[in-house]
Amino acid sequence: MSEKVRIGFVGCGGIGGHHLKIWSAMEDAEITAVCDIVEEKARKASETYGGEVFTDMEEMLEKAEIDAVDICTWSGLHAEQAMMAIQAGKHVVVEKPIDIDIKKVDKLLELADKSDVVLTCIFQNRMGKEIQKAKQLIDEGALGRLITGSTYIKWWRAQSYYDQDAWRGTWKYDGGCFSNQGIHAIDQLCWMCGPVEEVNYCHIETAAHEMEAEDFGLAMVKFENGAVGVIEATTCCYPGLGMRTEIYGTRGSAVFEGSKVKLFKVQDEEIDLSGEQEQVEQTDGRSDPLAIGLGGHEAQLVDFVNCIKTGKQPLVTGREARVAVDCLTKLYNKAGITKLGT
């Protein structure tokens with residue numbers, strides 16, 4: 001490997017622009033190839049950030065000088081493209097979710113386990129010292145026995161958001177507010193409370209947009225540790241409210257807004273993380289999917305490069321990313337949806 005990790009980038013629209021901006025500023029990495037099925041997007045990315053232009057990923061993997069692939073394409077393509085990259089011997093970072101089809105995810109993980117590559121998925125709300133400390137304390141039992149854990153992501157998307165790309169809101173490539181926007185909240189909830197064992201109730205509907213999948217969903221879940229909780233997601237909530245996750249145990253409570261620790265209180269013990277986090281204004285995708293702070297993404301991409309160089313496991317492994325997709329699958333199955341990703 002060269003001194004810098006050579007990045008082949010796939011999917012030059014939307015969130016891809018944020019990834020490209022981060023890569024271009026990173027000392028230990030360089031963009032050597034960019035790929036998009038729309039040649040104009042790939043050429044524009046190349047002009048701004050560098051890299052040889054491709055419109056076919058397979059051709060890029062065959063011809064470009066790359067060590068790793070960053071995939072920012074439609075959610076329903078993630079696992080398939082990640083497997084292509086791993087089969088070509090490349091390390092892989094995938095935007096969330098790792099895929100929407102759990103069967104494809106399992107095939108990807110099986111392949112990754114047999115390969116000497118790093119595989120990670122972007123879940124930027126896990127980043128930050130305070131929230132990682134909160135996670136550690138919960139795992140150590142600081143809140144006591146967990147009773148309930150719930151998460152709410154009440155965002156807003158205009159109809160134009162779904163109209164601008166044919167894949168948005170489709171069962172095959174995207175899903176609805178649970179799988180696209182809500183996957184952030186689902187991942188954070190399962191990260192804190194553990195995997196979901198079963199979904200007791202799930203209601204979905206397409207309430208305010210013209211699209212295949214849901215724009216509102218509400219569910220009650222039971223975790224493997226016995227705790228119960230609620231997952232609520234929507235893109236109908238004008239003007240868009242923040243994401244909020246609440247964890248309650250027999251000894252204390254924790255509340256998170258995105259990656260921020262808003263409250264962490266334990267009975268009869270001096271543990272308080274709520275005032276320690278740096279007070280920097282952080283934006284999120286509550287009303288604009290691209291109006292997000294890049295700190296969490298940058299931290300994960302830096303971690304990805306470090307893992308390639310050192311052989312360490314990434315902060316978010318492929319198997320950890322699977323937990324949210326497993327929950328997502330159970331939510332949709334309970335609601336009678338079995339065609340996600342197909």
# chains A, B, ... in the order shown; residues from 1 in each chain; ligands from 1
>>> closest_atom_pairs(of="range 202-248 of chain A", to="range 285-299 of chain A", cutoff="12 Å", atoms="only C-alpha atoms", output="Markdown table")
| residue | atom | partner | partner_atom | distance |
| --- | --- | --- | --- | --- |
| A:Ala233 | CA | A:Arg286 | CA | 11.3 |
| A:Thr234 | CA | A:Arg286 | CA | 10.1 |
| A:Thr235 | CA | A:Arg286 | CA | 8.4 |
| A:Cys236 | CA | A:Ser287 | CA | 9.9 |
| A:Cys237 | CA | A:Ser287 | CA | 9.0 |
| A:Tyr238 | CA | A:Ser287 | CA | 7.9 |
| A:Pro239 | CA | A:Ser287 | CA | 6.5 |
| A:Gly240 | CA | A:Arg286 | CA | 4.8 |
| A:Leu241 | CA | A:Arg286 | CA | 5.9 |
| A:Gly242 | CA | A:Arg286 | CA | 6.2 |
| A:Met243 | CA | A:Arg286 | CA | 7.8 |
| A:Arg244 | CA | A:Arg286 | CA | 11.5 |
>>> residues_around(residues="range 40-53 of chain A", least_positions_apart="3", cutoff="8 Å", atoms="only C-alpha atoms", output="ChimeraX atom specification")
/A:12-13,17,20-21,24,31-37,64
>>> residues_around(residues="Met192 in chain A", least_positions_apart="3", cutoff="9 Å", atoms="only C-alpha atoms", output="NGL selection string")
:A and (134-135 or 138-139 or 149 or 187-189 or 247)
>>> write_last_selection(atoms="C-alpha atoms", output="CSV table (one decimal), in the first residue's frame")
chain,number,residue,atom,x,y,z
A,134,ALA,CA,-22.3,7.0,28.2
A,135,LYS,CA,-22.5,3.8,26.2
A,138,ILE,CA,-24.7,1.8,30.4
A,139,ASP,CA,-22.9,-1.5,29.4
A,149,GLY,CA,-35.5,2.5,25.7
A,187,ASP,CA,-28.9,2.1,15.4
A,188,GLN,CA,-28.4,4.4,18.4
A,189,LEU,CA,-31.2,2.7,20.3
A,247,ILE,CA,-33.0,5.2,28.1
>>> closest_atom_pairs(of="range 85-109 of chain A", to="range 306-327 of chain A", cutoff="7 Å", atoms="only C-alpha atoms", output="CSV")
residue,atom,partner,partner_atom,distance
A:Ile98,CA,A:Ala321,CA,6.3
A:Ile100,CA,A:Val325,CA,6.4
A:Ile102,CA,A:Val325,CA,6.3
A:Val105,CA,A:Arg322,CA,6.9
A:Leu109,CA,A:Gly318,CA,6.6
>>> residues_around(residues="Glu30 in chain A", least_positions_apart="6", cutoff="7 Å", atoms="only C-alpha atoms", output="JSON, numbers by chain")
{"A": [4, 5, 6, 7, 23, 24]}
>>> write_last_selection(atoms="N, CA and C atoms", output="compact mmCIF listing (two decimals), in the first residue's frame")
# COMPACT_ATOMS: atom_id res chain seq x y z
N LYS A 4 -0.35 6.94 1.38
CA LYS A 4 -1.73 7.38 1.52
C LYS A 4 -2.67 6.26 1.08
N VAL A 5 -3.79 6.12 1.78
CA VAL A 5 -4.80 5.16 1.37
C VAL A 5 -5.52 5.72 0.15
N ARG A 6 -5.52 4.97 -0.92
CA ARG A 6 -6.11 5.43 -2.18
C ARG A 6 -7.59 5.04 -2.22
N ILE A 7 -8.45 6.04 -2.39
CA ILE A 7 -9.89 5.86 -2.28
C ILE A 7 -10.55 5.84 -3.65
N TRP A 23 -12.63 13.51 2.42
CA TRP A 23 -11.47 12.79 1.87
C TRP A 23 -10.43 13.74 1.31
N SER A 24 -10.89 14.77 0.64
CA SER A 24 -9.95 15.70 -0.02
C SER A 24 -9.09 16.46 0.98
>>> closest_atom_pairs(of="range 53-134 of chain A", to="range 164-179 of chain A", cutoff="6 Å", atoms="only C-alpha atoms", output="JSON lines")
{"residue": "A:Trp74", "atom": "CA", "partner": "A:Tyr173", "partner_atom": "CA", "distance": 5.9}
{"residue": "A:Ser75", "atom": "CA", "partner": "A:Asp174", "partner_atom": "CA", "distance": 5.5}
{"residue": "A:Gly76", "atom": "CA", "partner": "A:Tyr173", "partner_atom": "CA", "distance": 4.0}
>>> select_by_dssp(residues="range 38-142 of chain A", states="strand (DSSP E)", output="list in words")
Glu52, Val53, Phe54, Ala68, Val69, Asp70, Ile71, His91, Val92, Val93, Val94, Leu119, Thr120 and Cys121 of chain A
